[in-house]
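For reference, the structure is listed below as C-alpha coordinates.
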Amino acid sequence: SGKWDAAKYRLTVSSGDALIIREQFVRVDGLKIEITNVTLDQRGIHQDLGGVSGLYEISNNIIRGVSGAGFNFGIYSNTSAGSVSKIWNNIIYDIGKTSTGASGIRLYYDVTPLSVVYFYNNTIYNLSQGIQRSGNILVAKNNLVYNNTDNYNGTFSAASTNNLSGPGADAQTPATNARNGVTVAFIDTVNGDYHLAASDTSAKDAGTNLSSDAN
(Lines give C-alpha, C1' and ligand atoms only; values in the text may rest on other atoms or scores of the structure.)
Protein backbone atom coordinates (compact mmCIF):
# COMPACT_ATOMS: atom_id res chain seq x y z
CA SER A 1 0.00 0.00 0.00
CA GLY A 2 3.04 2.27 0.27
CA LYS A 3 2.25 3.13 3.89
CA TRP A 4 3.53 1.67 7.15
CA ASP A 5 1.00 -0.69 8.73
CA ALA A 6 1.91 -1.91 12.22
CA ALA A 7 -0.76 -4.61 12.02
CA LYS A 8 1.14 -6.42 9.26
CA TYR A 9 4.45 -8.26 9.25
CA ARG A 10 7.47 -6.07 9.95
CA LEU A 11 11.11 -6.62 10.84
CA THR A 12 12.00 -4.45 13.85
CA VAL A 13 15.60 -4.48 15.07
CA SER A 14 16.99 -2.65 18.11
CA SER A 15 20.65 -3.62 17.67
CA GLY A 16 22.73 -4.36 14.59
CA ASP A 17 21.63 -4.50 10.96
CA ALA A 18 18.14 -5.68 10.08
CA LEU A 19 19.14 -7.52 6.89
CA ILE A 20 22.65 -8.31 5.62
CA ILE A 21 23.20 -9.54 2.05
CA ARG A 22 26.31 -11.69 1.59
CA GLU A 23 25.25 -13.94 -1.29
CA GLN A 24 25.09 -13.47 -5.06
CA PHE A 25 21.91 -12.70 -7.00
CA VAL A 26 19.57 -11.64 -4.22
CA ARG A 27 16.18 -9.93 -4.48
CA VAL A 28 14.58 -8.13 -1.51
CA ASP A 29 11.00 -7.08 -2.20
CA GLY A 30 8.08 -5.78 -0.19
CA LEU A 31 9.47 -5.75 3.36
CA LYS A 32 8.77 -3.31 6.17
CA ILE A 33 11.96 -2.72 8.14
CA GLU A 34 12.36 -0.64 11.29
CA ILE A 35 15.64 0.18 13.08
CA THR A 36 15.09 1.62 16.53
CA ASN A 37 18.38 2.27 18.33
CA VAL A 38 19.14 5.99 18.77
CA THR A 39 22.84 5.58 19.55
CA LEU A 40 24.19 2.40 17.89
CA ASP A 41 25.08 2.11 14.21
CA GLN A 42 22.37 0.29 12.26
CA ARG A 43 21.44 -0.39 8.66
CA GLY A 44 18.06 -1.41 7.33
CA ILE A 45 19.53 -3.34 4.38
CA HIS A 46 23.29 -3.85 4.27
CA GLN A 47 24.93 -5.07 1.06
CA ASP A 48 28.17 -6.48 2.53
CA LEU A 49 29.43 -8.63 -0.29
CA GLY A 50 33.05 -9.33 0.62
CA GLY A 51 34.35 -9.79 -2.92
CA VAL A 52 31.28 -11.58 -4.30
CA SER A 53 29.90 -9.81 -7.39
CA GLY A 54 26.46 -10.32 -8.84
CA LEU A 55 23.06 -8.78 -9.54
CA TYR A 56 21.02 -7.42 -6.63
CA GLU A 57 17.47 -6.04 -6.61
CA ILE A 58 15.91 -4.10 -3.73
CA SER A 59 12.35 -2.92 -4.37
CA ASN A 60 9.02 -1.91 -2.83
CA ASN A 61 10.31 -1.78 0.74
CA ILE A 62 9.52 0.68 3.53
CA ILE A 63 12.48 1.37 5.81
CA ARG A 64 12.10 3.67 8.78
CA GLY A 65 13.94 4.50 11.98
CA VAL A 66 14.16 6.97 14.82
CA SER A 67 15.77 10.37 15.15
CA GLY A 68 19.01 9.87 17.05
CA ALA A 69 22.77 10.15 16.96
CA GLY A 70 23.42 6.67 15.53
CA PHE A 71 25.40 6.30 12.31
CA ASN A 72 22.39 4.73 10.59
CA PHE A 73 21.45 4.01 6.98
CA GLY A 74 18.33 2.85 5.19
CA ILE A 75 20.35 1.02 2.53
CA TYR A 76 24.13 0.67 2.80
CA SER A 77 25.64 -0.44 -0.50
CA ASN A 78 29.11 -1.91 -0.04
CA THR A 79 29.21 -3.88 -3.26
CA SER A 80 32.01 -5.84 -4.90
CA ALA A 81 33.79 -5.15 -8.18
CA GLY A 82 31.51 -5.35 -11.20
CA SER A 83 28.30 -5.77 -9.22
CA VAL A 84 25.01 -4.30 -10.43
CA SER A 85 22.32 -3.21 -7.96
CA LYS A 86 18.83 -2.12 -8.98
CA ILE A 87 17.02 -0.26 -6.21
CA TRP A 88 13.53 1.08 -6.90
CA ASN A 89 10.18 2.07 -5.38
CA ASN A 90 11.42 2.20 -1.78
CA ILE A 91 10.31 4.64 0.94
CA ILE A 92 12.97 5.51 3.53
CA TYR A 93 12.28 7.95 6.34
CA ASP A 94 13.03 9.19 9.89
CA ILE A 95 16.45 7.57 10.26
CA GLY A 96 19.09 9.32 12.37
CA LYS A 97 18.15 12.92 11.58
CA THR A 98 20.47 14.27 14.28
CA SER A 99 23.48 12.20 13.12
CA THR A 100 25.68 13.87 10.50
CA GLY A 101 26.48 10.48 8.95
CA ALA A 102 23.04 8.94 8.63
CA SER A 103 21.60 8.63 5.13
CA GLY A 104 18.82 7.00 3.16
CA ILE A 105 21.26 5.25 0.85
CA ARG A 106 25.03 5.31 0.89
CA LEU A 107 27.36 3.98 -1.78
CA TYR A 108 30.68 3.10 -0.21
CA TYR A 109 34.22 3.35 -1.64
CA ASP A 110 35.30 2.63 -5.24
CA VAL A 111 36.11 -0.88 -6.40
CA THR A 112 37.72 -1.99 -9.67
CA PRO A 113 35.92 -2.45 -11.94
CA LEU A 114 33.36 -0.03 -10.54
CA SER A 115 30.03 -1.36 -9.35
CA VAL A 116 26.84 0.32 -10.56
CA VAL A 117 23.69 1.19 -8.64
CA TYR A 118 20.49 2.15 -10.47
CA PHE A 119 18.39 4.09 -7.98
CA TYR A 120 14.92 4.78 -9.41
CA ASN A 121 11.58 6.04 -8.07
CA ASN A 122 12.51 6.18 -4.39
CA THR A 123 11.25 8.55 -1.68
CA ILE A 124 13.66 9.63 1.09
CA TYR A 125 12.36 11.89 3.84
CA ASN A 126 13.65 13.41 7.08
CA LEU A 127 17.22 12.15 7.42
CA SER A 128 20.58 13.83 7.82
CA GLN A 129 21.56 12.93 4.24
CA GLY A 130 19.20 11.65 1.60
CA ILE A 131 21.44 10.07 -1.05
CA GLN A 132 25.16 9.86 -0.29
CA ARG A 133 27.59 8.68 -2.94
CA SER A 134 31.12 8.08 -1.64
CA GLY A 135 32.20 5.83 -4.51
CA ASN A 136 31.28 3.74 -7.55
CA ILE A 137 28.59 4.72 -10.09
CA LEU A 138 25.12 5.91 -9.07
CA VAL A 139 22.45 6.48 -11.69
CA ALA A 140 19.54 8.30 -10.03
CA LYS A 141 16.19 8.79 -11.76
CA ASN A 142 12.79 9.97 -10.53
CA ASN A 143 13.78 10.17 -6.87
CA LEU A 144 11.91 12.38 -4.40
CA VAL A 145 14.43 13.43 -1.74
CA TYR A 146 12.82 15.82 0.70
CA ASN A 147 13.22 17.47 4.10
CA ASN A 148 16.67 16.03 4.74
CA THR A 149 19.47 18.19 6.12
CA ASP A 150 21.42 17.42 2.91
CA ASN A 151 19.29 15.88 0.19
CA TYR A 152 22.06 14.93 -2.25
CA ASN A 153 25.72 14.37 -1.37
CA GLY A 154 28.41 13.46 -3.90
CA THR A 155 28.52 13.30 -7.68
CA PHE A 156 26.14 11.29 -9.83
CA SER A 157 26.22 9.65 -13.24
CA ALA A 158 25.45 11.98 -16.12
CA ALA A 159 22.60 9.60 -16.99
CA SER A 160 20.75 10.71 -13.84
CA THR A 161 17.58 12.67 -14.50
CA ASN A 162 14.28 13.99 -13.11
CA ASN A 163 15.22 14.02 -9.44
CA LEU A 164 13.57 16.29 -6.89
CA SER A 165 15.03 18.19 -3.94
CA GLY A 166 12.97 20.17 -1.47
CA PRO A 167 11.90 22.20 0.24
CA GLY A 168 15.33 23.82 -0.06
CA ALA A 169 17.49 23.75 -3.17
CA ASP A 170 20.54 21.47 -3.18
CA ALA A 171 23.47 22.27 -5.46
CA GLN A 172 24.41 18.59 -5.78
CA THR A 173 21.02 17.50 -7.10
CA PRO A 174 21.67 15.90 -10.52
CA ALA A 175 20.98 18.79 -12.87
CA THR A 176 19.17 17.18 -15.80
CA ASN A 177 15.43 17.96 -15.60
CA ALA A 178 15.76 18.52 -11.85
CA ARG A 179 12.99 19.84 -9.63
CA ASN A 180 15.14 21.74 -7.16
CA GLY A 181 13.96 23.77 -4.20
CA VAL A 182 10.26 22.96 -4.55
CA THR A 183 7.54 22.32 -1.98
CA VAL A 184 5.81 18.93 -2.13
CA ALA A 185 2.37 18.17 -0.67
CA PHE A 186 2.14 14.72 0.91
CA ILE A 187 -1.00 13.14 2.32
CA ASP A 188 0.16 12.69 5.95
CA THR A 189 3.88 12.56 6.80
CA VAL A 190 3.16 12.59 10.55
CA ASN A 191 1.52 9.17 10.21
CA GLY A 192 3.89 7.82 7.58
CA ASP A 193 1.76 8.33 4.47
CA TYR A 194 4.06 9.63 1.74
CA HIS A 195 1.60 9.39 -1.11
CA LEU A 196 1.31 12.69 -2.95
CA ALA A 197 -1.70 14.79 -2.02
CA ALA A 198 -4.19 15.58 -4.75
CA SER A 199 -3.17 19.22 -4.43
CA ASP A 200 0.52 18.61 -5.17
CA THR A 201 1.96 20.45 -8.17
CA SER A 202 5.69 19.86 -7.63
CA ALA A 203 6.30 16.11 -7.80
CA LYS A 204 3.19 14.83 -9.55
CA ASP A 205 3.89 13.91 -13.20
CA ALA A 206 7.46 15.25 -12.86
CA GLY A 207 9.22 11.94 -13.50
CA THR A 208 10.60 10.60 -16.73
CA ASN A 209 9.00 7.60 -18.46
CA LEU A 210 11.14 4.57 -17.62
CA SER A 211 9.20 2.02 -19.69
CA SER A 212 12.03 1.82 -22.23
CA ASP A 213 14.85 2.02 -19.67
CA ALA A 214 16.89 -1.17 -19.87
CA ASN A 215 17.67 -1.04 -16.17
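The way I read the labels, and the way they are meant: chains A, B, ... in the order of the C-alpha coordinates, residue 1 as the first residue of every chain, and ligand 1 as the first ligand shown, with later ones counted on from there.
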Nearby residues (only C-alpha atoms) at most 8 Å from Ala197 (chain A), same-chain spacing under 2 positions excluded, as number ranges by chain | A: 185-187, 195, 199-200
Would you write out, as JSON lines, a table of all residues in region 39-148 of chain A that have an atom no more than 12 Å from an atom of region 14-29 of chain A, listing for each the closest atom pair and the distance in Å to one decimal, considering only C-alpha atoms and ordering rows by chain and rising residue number?
{"residue": "A:Thr39", "atom": "CA", "partner": "A:Ser15", "partner_atom": "CA", "distance": 9.6}
{"residue": "A:Leu40", "atom": "CA", "partner": "A:Ser15", "partner_atom": "CA", "distance": 7.0}
{"residue": "A:Asp41", "atom": "CA", "partner": "A:Gly16", "partner_atom": "CA", "distance": 6.9}
{"residue": "A:Gln42", "atom": "CA", "partner": "A:Asp17", "partner_atom": "CA", "distance": 5.0}
{"residue": "A:Arg43", "atom": "CA", "partner": "A:Asp17", "partner_atom": "CA", "distance": 4.7}
{"residue": "A:Gly44", "atom": "CA", "partner": "A:Ala18", "partner_atom": "CA", "distance": 5.1}
{"residue": "A:Ile45", "atom": "CA", "partner": "A:Leu19", "partner_atom": "CA", "distance": 4.9}
{"residue": "A:His46", "atom": "CA", "partner": "A:Ile20", "partner_atom": "CA", "distance": 4.7}
{"residue": "A:Gln47", "atom": "CA", "partner": "A:Ile21", "partner_atom": "CA", "distance": 4.9}
{"residue": "A:Asp48", "atom": "CA", "partner": "A:Arg22", "partner_atom": "CA", "distance": 5.6}
{"residue": "A:Leu49", "atom": "CA", "partner": "A:Arg22", "partner_atom": "CA", "distance": 4.8}
{"residue": "A:Gly50", "atom": "CA", "partner": "A:Arg22", "partner_atom": "CA", "distance": 7.2}
{"residue": "A:Gly51", "atom": "CA", "partner": "A:Arg22", "partner_atom": "CA", "distance": 9.4}
{"residue": "A:Val52", "atom": "CA", "partner": "A:Gln24", "partner_atom": "CA", "distance": 6.5}
{"residue": "A:Ser53", "atom": "CA", "partner": "A:Gln24", "partner_atom": "CA", "distance": 6.5}
{"residue": "A:Gly54", "atom": "CA", "partner": "A:Gln24", "partner_atom": "CA", "distance": 5.1}
{"residue": "A:Leu55", "atom": "CA", "partner": "A:Phe25", "partner_atom": "CA", "distance": 4.8}
{"residue": "A:Tyr56", "atom": "CA", "partner": "A:Val26", "partner_atom": "CA", "distance": 5.1}
{"residue": "A:Glu57", "atom": "CA", "partner": "A:Arg27", "partner_atom": "CA", "distance": 4.6}
{"residue": "A:Ile58", "atom": "CA", "partner": "A:Val28", "partner_atom": "CA", "distance": 4.8}
{"residue": "A:Ser59", "atom": "CA", "partner": "A:Asp29", "partner_atom": "CA", "distance": 4.9}
{"residue": "A:Asn60", "atom": "CA", "partner": "A:Asp29", "partner_atom": "CA", "distance": 5.6}
{"residue": "A:Asn61", "atom": "CA", "partner": "A:Asp29", "partner_atom": "CA", "distance": 6.1}
{"residue": "A:Ile62", "atom": "CA", "partner": "A:Asp29", "partner_atom": "CA", "distance": 9.8}
{"residue": "A:Ile63", "atom": "CA", "partner": "A:Ala18", "partner_atom": "CA", "distance": 10.0}
{"residue": "A:Arg64", "atom": "CA", "partner": "A:Ala18", "partner_atom": "CA", "distance": 11.2}
{"residue": "A:Gly65", "atom": "CA", "partner": "A:Ser14", "partner_atom": "CA", "distance": 9.9}
{"residue": "A:Val66", "atom": "CA", "partner": "A:Ser14", "partner_atom": "CA", "distance": 10.6}
{"residue": "A:Gly70", "atom": "CA", "partner": "A:Ser15", "partner_atom": "CA", "distance": 10.9}
{"residue": "A:Phe71", "atom": "CA", "partner": "A:Gly16", "partner_atom": "CA", "distance": 11.2}
{"residue": "A:Asn72", "atom": "CA", "partner": "A:Asp17", "partner_atom": "CA", "distance": 9.3}
{"residue": "A:Phe73", "atom": "CA", "partner": "A:Asp17", "partner_atom": "CA", "distance": 9.4}
{"residue": "A:Gly74", "atom": "CA", "partner": "A:Ala18", "partner_atom": "CA", "distance": 9.8}
{"residue": "A:Ile75", "atom": "CA", "partner": "A:Leu19", "partner_atom": "CA", "distance": 9.7}
{"residue": "A:Tyr76", "atom": "CA", "partner": "A:Ile20", "partner_atom": "CA", "distance": 9.5}
{"residue": "A:Ser77", "atom": "CA", "partner": "A:Ile21", "partner_atom": "CA", "distance": 9.8}
{"residue": "A:Asn78", "atom": "CA", "partner": "A:Ile21", "partner_atom": "CA", "distance": 9.9}
{"residue": "A:Thr79", "atom": "CA", "partner": "A:Arg22", "partner_atom": "CA", "distance": 9.6}
{"residue": "A:Ser80", "atom": "CA", "partner": "A:Gln24", "partner_atom": "CA", "distance": 10.3}
{"residue": "A:Ser83", "atom": "CA", "partner": "A:Gln24", "partner_atom": "CA", "distance": 9.3}
{"residue": "A:Val84", "atom": "CA", "partner": "A:Phe25", "partner_atom": "CA", "distance": 9.6}
{"residue": "A:Ser85", "atom": "CA", "partner": "A:Phe25", "partner_atom": "CA", "distance": 9.5}
{"residue": "A:Lys86", "atom": "CA", "partner": "A:Arg27", "partner_atom": "CA", "distance": 9.4}
{"residue": "A:Ile87", "atom": "CA", "partner": "A:Val28", "partner_atom": "CA", "distance": 9.5}
{"residue": "A:Trp88", "atom": "CA", "partner": "A:Asp29", "partner_atom": "CA", "distance": 9.8}
{"residue": "A:Asn89", "atom": "CA", "partner": "A:Asp29", "partner_atom": "CA", "distance": 9.7}
{"residue": "A:Asn90", "atom": "CA", "partner": "A:Asp29", "partner_atom": "CA", "distance": 9.3}
Counting only C-alpha atoms, which residues of region 150-189 of chain A sit at most 12 Å from some atom of region 113-133 of chain A, and what is each one's closest atom pair with its distance in Å to one decimal, listed by chain and rising residue number, as CSV?
residue,atom,partner,partner_atom,distance
A:Asp150,CA,A:Gln129,CA,4.7
A:Asn151,CA,A:Gly130,CA,4.5
A:Tyr152,CA,A:Ile131,CA,5.0
A:Asn153,CA,A:Gln132,CA,4.7
A:Gly154,CA,A:Arg133,CA,4.9
A:Thr155,CA,A:Arg133,CA,6.7
A:Phe156,CA,A:Arg133,CA,7.5
A:Ser157,CA,A:Val116,CA,9.7
A:Ala159,CA,A:Tyr118,CA,10.1
A:Ser160,CA,A:Phe119,CA,9.1
A:Thr161,CA,A:Tyr120,CA,9.8
A:Asn162,CA,A:Asn121,CA,9.8
A:Asn163,CA,A:Asn121,CA,8.9
A:Leu164,CA,A:Thr123,CA,9.6
A:Ser165,CA,A:Gly130,CA,9.5
A:Gly166,CA,A:Tyr125,CA,9.9
A:Pro167,CA,A:Tyr125,CA,10.9
A:Asp170,CA,A:Gly130,CA,11.0
A:Gln172,CA,A:Ile131,CA,10.2
A:Thr173,CA,A:Ile131,CA,9.6
A:Pro174,CA,A:Ile131,CA,11.1
A:Val184,CA,A:Tyr125,CA,11.3
A:Phe186,CA,A:Tyr125,CA,11.0
A:Thr189,CA,A:Tyr125,CA,9.0
Selected residues, N, CA, C and O atoms, written as an mmCIF file, in the first residue's frame, please.
data_model
loop_
_atom_site.group_PDB
_atom_site.id
_atom_site.type_symbol
_atom_site.label_atom_id
_atom_site.label_comp_id
_atom_site.auth_asym_id
_atom_site.auth_seq_id
_atom_site.Cartn_x
_atom_site.Cartn_y
_atom_site.Cartn_z
ATOM 1 N N ASP A 150 20.693 17.358 4.182
ATOM 2 C CA ASP A 150 21.419 17.420 2.908
ATOM 3 C C ASP A 150 20.782 16.384 1.998
ATOM 4 O O ASP A 150 20.961 15.186 2.195
ATOM 5 N N ASN A 151 20.026 16.835 1.010
ATOM 6 C CA ASN A 151 19.285 15.876 0.189
ATOM 7 C C ASN A 151 20.181 15.025 -0.699
ATOM 8 O O ASN A 151 19.975 13.816 -0.822
ATOM 9 N N TYR A 152 21.166 15.648 -1.342
ATOM 10 C CA TYR A 152 22.060 14.934 -2.254
ATOM 11 C C TYR A 152 23.499 15.241 -1.861
ATOM 12 O O TYR A 152 23.861 16.408 -1.676
ATOM 13 N N ASN A 153 24.330 14.185 -1.770
ATOM 14 C CA ASN A 153 25.716 14.367 -1.373
ATOM 15 C C ASN A 153 26.610 13.520 -2.273
ATOM 16 O O ASN A 153 26.465 12.306 -2.332
ATOM 17 N N GLY A 154 27.518 14.169 -2.997
ATOM 18 C CA GLY A 154 28.406 13.457 -3.903
ATOM 19 C C GLY A 154 28.099 13.794 -5.349
ATOM 20 O O GLY A 154 27.283 14.666 -5.650
ATOM 21 N N THR A 155 28.761 13.100 -6.256
ATOM 22 C CA THR A 155 28.525 13.298 -7.684
ATOM 23 C C THR A 155 27.809 12.071 -8.245
ATOM 24 O O THR A 155 27.991 10.956 -7.767
ATOM 25 N N PHE A 156 27.012 12.324 -9.283
ATOM 26 C CA PHE A 156 26.144 11.289 -9.828
ATOM 27 C C PHE A 156 26.425 11.087 -11.315
ATOM 28 O O PHE A 156 26.943 11.977 -11.989
ATOM 29 N N SER A 157 26.060 9.929 -11.812
ATOM 30 C CA SER A 157 26.222 9.646 -13.237
ATOM 31 C C SER A 157 25.491 10.689 -14.074
ATOM 32 O O SER A 157 24.409 11.156 -13.711
ATOM 33 N N ALA A 159 23.873 10.171 -16.543
ATOM 34 C CA ALA A 159 22.603 9.599 -16.990
ATOM 35 C C ALA A 159 21.475 9.860 -16.006
ATOM 36 O O ALA A 159 20.315 9.585 -16.310
ATOM 37 N N SER A 160 21.786 10.412 -14.838
ATOM 38 C CA SER A 160 20.751 10.707 -13.840
ATOM 39 C C SER A 160 19.822 11.803 -14.346
ATOM 40 O O SER A 160 20.266 12.749 -15.002
ATOM 41 N N THR A 161 18.534 11.691 -13.999
ATOM 42 C CA THR A 161 17.575 12.671 -14.502
ATOM 43 C C THR A 161 16.310 12.690 -13.662
ATOM 44 O O THR A 161 15.984 11.721 -12.972
ATOM 45 N N ASN A 162 15.610 13.830 -13.706
ATOM 46 C CA ASN A 162 14.277 13.985 -13.114
ATOM 47 C C ASN A 162 14.238 13.659 -11.622
ATOM 48 O O ASN A 162 13.338 12.977 -11.131
ATOM 49 N N ASN A 163 15.212 14.169 -10.892
ATOM 50 C CA ASN A 163 15.225 14.017 -9.440
ATOM 51 C C ASN A 163 14.742 15.300 -8.777
ATOM 52 O O ASN A 163 14.904 16.394 -9.306
ATOM 53 N N LEU A 164 14.160 15.156 -7.597
ATOM 54 C CA LEU A 164 13.571 16.290 -6.889
ATOM 55 C C LEU A 164 14.287 16.506 -5.569
ATOM 56 O O LEU A 164 14.601 15.561 -4.848
ATOM 57 N N SER A 165 14.517 17.778 -5.234
ATOM 58 C CA SER A 165 15.035 18.192 -3.939
ATOM 59 C C SER A 165 14.139 19.272 -3.370
ATOM 60 O O SER A 165 13.765 20.215 -4.056
ATOM 61 N N GLY A 166 13.790 19.145 -2.092
ATOM 62 C CA GLY A 166 12.969 20.168 -1.468
ATOM 63 C C GLY A 166 12.947 19.998 0.045
ATOM 64 O O GLY A 166 13.423 18.988 0.562
ATOM 65 N N PRO A 167 12.401 20.939 0.770
ATOM 66 C CA PRO A 167 11.899 22.200 0.239
ATOM 67 C C PRO A 167 13.012 23.169 -0.174
ATOM 68 O O PRO A 167 12.779 24.076 -0.953
ATOM 69 N N ASP A 170 19.295 22.161 -3.494
ATOM 70 C CA ASP A 170 20.539 21.473 -3.182
ATOM 71 C C ASP A 170 21.413 21.508 -4.431
ATOM 72 O O ASP A 170 21.034 20.990 -5.479
ATOM 73 N N GLN A 172 23.926 19.871 -5.286
ATOM 74 C CA GLN A 172 24.408 18.588 -5.781
ATOM 75 C C GLN A 172 23.303 17.709 -6.349
ATOM 76 O O GLN A 172 23.561 16.567 -6.735
ATOM 77 N N THR A 173 22.089 18.232 -6.417
ATOM 78 C CA THR A 173 21.023 17.503 -7.103
ATOM 79 C C THR A 173 21.416 17.303 -8.561
ATOM 80 O O THR A 173 21.819 18.259 -9.231
ATOM 81 N N PRO A 174 21.349 16.081 -9.096
ATOM 82 C CA PRO A 174 21.667 15.898 -10.518
ATOM 83 C C PRO A 174 20.870 16.877 -11.379
ATOM 84 O O PRO A 174 19.650 16.991 -11.242
ATOM 85 N N VAL A 184 6.632 20.092 -1.767
ATOM 86 C CA VAL A 184 5.811 18.931 -2.126
ATOM 87 C C VAL A 184 4.696 18.765 -1.098
ATOM 88 O O VAL A 184 4.918 18.919 0.108
ATOM 89 N N PHE A 186 2.394 16.129 0.636
ATOM 90 C CA PHE A 186 2.139 14.715 0.913
ATOM 91 C C PHE A 186 0.786 14.574 1.617
ATOM 92 O O PHE A 186 0.240 15.544 2.136
ATOM 93 N N THR A 189 2.549 13.017 6.396
ATOM 94 C CA THR A 189 3.884 12.561 6.800
ATOM 95 C C THR A 189 3.952 12.223 8.290
ATOM 96 O O THR A 189 4.739 11.367 8.698
#
Strand (DSSP E) residues, from DSSP on the backbone, in chain A, as number ranges by chain = A: 11-13, 19-21, 26-29, 32-35, 43-48, 55-59, 62-64, 73-78, 84-88, 91-93, 103-107, 116-120, 123-125, 129-133, 137-141, 144-146, 150-153, 164-166, 179-180, 186-188, 193-196
Using CA of Ile92 (chain A) and CA of Tyr9 (chain A) as the two end points, give the distance in Å to one decimal.
->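 Taking CA of Ile92 (chain A) and CA of Tyr9 (chain A), their separation equals 17.2 Å.
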